[in-house]
Each structure stands twice: as structure tokens, then as C-alpha cells.
Amino acid sequence: MTDNHTTNERYDRGLEALNRINGNNGNQVLDSLADVAPDLGRWIIEQAGDVYPRPELDMCQRELVTLASLTTQGDTHDQLVVHINGALNVGLSRAEVTEAFLHCVPYVGFPKVLNAVSVLREVLATRGAGAPSAS
């Protein structure tokens, strides 16, 4: 198998995974980077092809891990938008997404979690789902 063939398989697997997360808009990664860093877009898709198809976690579990990771990093608004939508697209409920953020409070603190919940509110409004309910 040639490197090019492997790269194409990785790319195809990654694009399939990103389409599940982004509602068949996986190419948005490429499109958003085409004018300035097209190789970065391809690398992101190929990495998704390596990580997302692994059988040990399902897509919902992977999105929960991603949401927690992005929340702990802070300053990841745009990626949180993508992955909150992705979490909802692969079957997580609004309550599960909210709970994932709440679970992060003792580990990363209120400011980062409040920022993540603020992004959740934006995403829900865009999707017409309303604000998260208070617990």
C-alpha cells in the first residue's frame, strides 16, 4: 500500500466522521482554511480518520471527551460551537451536554464552564432549541 493510498483512506475515514459530527458538512474544515492553510484542513481531516473510527469509544463518548477537553482549554469558542452541534448531531441530549460542562466545574473552575455554557446557549438558539434549563 502506498503512502498516497493510505492518506486517501485516512482522509475518507476522517471526512466520514466529520460529516457525522457536522451534519454532512465535513468539508467546512477544508473550506474554512483553503485560502490560508489548506494543508492544515487536510491534516485535521486525516487525524479525524485516525481517531474517530476507533472502536473503543462511540461517537457520543468521543464528543463528551472533546467537549470536556475544549472546556478545560478555554478560549475555544469556535471549536465548542462545532462540537456542541456535533454532540447533538450524534445523539447526545442538551441535558447530557450541560451535565458534561457542569462536571468540569471542580476541575477547571466556574469561568471556563460559564464560557462553555454561554456557547451552548448560542448553539441552542441557532438550532431553535432554547436555553439550557437550570438544574
# chains A, B, ... in the order shown; residues from 1 in each chain; ligands from 1

call {"tool": "residues_around", "arguments": {"residues": "A:Asp78", "least_positions_apart": "2", "cutoff": "12 Å", "atoms": "only C-alpha atoms", "output": "VMD selection string"}}
result
chain A and resid 29 32 67 70 to 71 74 to 76 80 to 85 115 to 116 119 to 120 122 to 123

call {"tool": "atom_distance", "arguments": {"atom1": "atom CA of A:Asp50", "atom2": "atom CA of A:Asn24"}}
result
18.7 Å

call {"tool": "residues_around", "arguments": {"residues": "A:Val90", "least_positions_apart": "4", "cutoff": "10 Å", "atoms": "only C-alpha atoms", "output": "PyMOL selection string"}}
result
chain A and resi 20-23+58-63+85-86

call {"tool": "residues_around", "arguments": {"residues": "A:Cys104", "least_positions_apart": "4", "cutoff": "10 Å", "atoms": "only C-alpha atoms", "output": "short mmCIF file (atom, residue, chain, number, x, y, z; two decimals) with N, CA, C and O atoms, in the first residue's frame"}}
result
data_model
loop_
_atom_site.label_atom_id
_atom_site.label_comp_id
_atom_site.auth_asym_id
_atom_site.auth_seq_id
_atom_site.Cartn_x
_atom_site.Cartn_y
_atom_site.Cartn_z
N LEU A 67 -15.78 17.81 24.27
CA LEU A 67 -16.36 18.97 24.96
C LEU A 67 -15.60 19.26 26.25
O LEU A 67 -15.32 20.43 26.55
N ALA A 68 -15.29 18.22 27.00
CA ALA A 68 -14.54 18.44 28.25
C ALA A 68 -13.16 19.01 27.96
O ALA A 68 -12.71 19.94 28.63
N SER A 69 -12.51 18.48 26.95
CA SER A 69 -11.17 18.96 26.61
C SER A 69 -11.19 20.41 26.16
O SER A 69 -10.37 21.22 26.59
N THR A 71 -13.43 22.64 26.91
CA THR A 71 -13.80 23.46 28.07
C THR A 71 -12.58 23.72 28.95
O THR A 71 -12.36 24.84 29.39
N THR A 72 -11.79 22.70 29.17
CA THR A 72 -10.62 22.87 30.05
C THR A 72 -9.57 23.78 29.43
O THR A 72 -8.84 24.45 30.15
N GLU A 99 -24.62 18.65 31.41
CA GLU A 99 -24.02 17.89 32.52
C GLU A 99 -22.52 17.71 32.33
O GLU A 99 -21.76 17.77 33.30
N ALA A 100 -22.08 17.50 31.09
CA ALA A 100 -20.64 17.39 30.83
C ALA A 100 -19.93 18.66 31.26
O ALA A 100 -18.86 18.61 31.88
N VAL A 108 -11.87 22.66 36.46
CA VAL A 108 -11.37 23.82 35.71
C VAL A 108 -11.91 25.14 36.21
O VAL A 108 -11.42 26.19 35.81
N GLY A 109 -12.94 25.11 37.04
CA GLY A 109 -13.48 26.34 37.61
C GLY A 109 -14.67 26.90 36.86
O GLY A 109 -14.98 26.52 35.74
N PHE A 110 -15.32 27.82 37.54
CA PHE A 110 -16.54 28.42 37.00
C PHE A 110 -16.32 29.24 35.73
O PHE A 110 -17.14 29.15 34.81
N LYS A 112 -14.38 29.04 33.04
CA LYS A 112 -14.33 28.25 31.80
C LYS A 112 -15.66 27.54 31.54
O LYS A 112 -16.10 27.45 30.39
N VAL A 113 -16.27 27.05 32.58
CA VAL A 113 -17.56 26.38 32.41
C VAL A 113 -18.64 27.38 32.02
O VAL A 113 -19.47 27.11 31.16
#

call {"tool": "atom_distance", "arguments": {"atom1": "atom CA of A:Gly14", "atom2": "atom CA of A:Glu46"}}
result
5.4 Å

call {"tool": "residues_around", "arguments": {"residues": "A:Leu18", "least_positions_apart": "6", "cutoff": "10 Å", "atoms": "only C-alpha atoms", "output": "ChimeraX atom specification"}}
result
/A:12,24-29,44-45,48-49,52,86

call {"tool": "atom_distance", "arguments": {"atom1": "atom CA of A:Leu15", "atom2": "atom CA of A:Thr126"}}
result
24.0 Å

call {"tool": "select_by_dssp", "arguments": {"residues": "chain A", "states": "helix (DSSP H, G or I)", "output": "ChimeraX atom specification"}}
result
/A:3-21,28-33,38-51,59-73,77-89,94-108,110-127

call {"tool": "closest_residue", "arguments": {"among": "A:Ser93, A:Asn8, A:Gln79, A:Gln73", "to": "A:Arg42", "atoms": "only C-alpha atoms"}}
result
A:Asn8

call {"tool": "closest_residue", "arguments": {"among": "A:Leu114, A:Val36, A:Leu124, A:Val65", "to": "A:Leu102", "atoms": "only C-alpha atoms"}}
result
A:Leu114

call {"tool": "closest_residue", "arguments": {"among": "A:Ala87, A:Ala17, A:Ala125, A:Ala95", "to": "A:Gln47", "atoms": "only C-alpha atoms"}}
result
A:Ala17
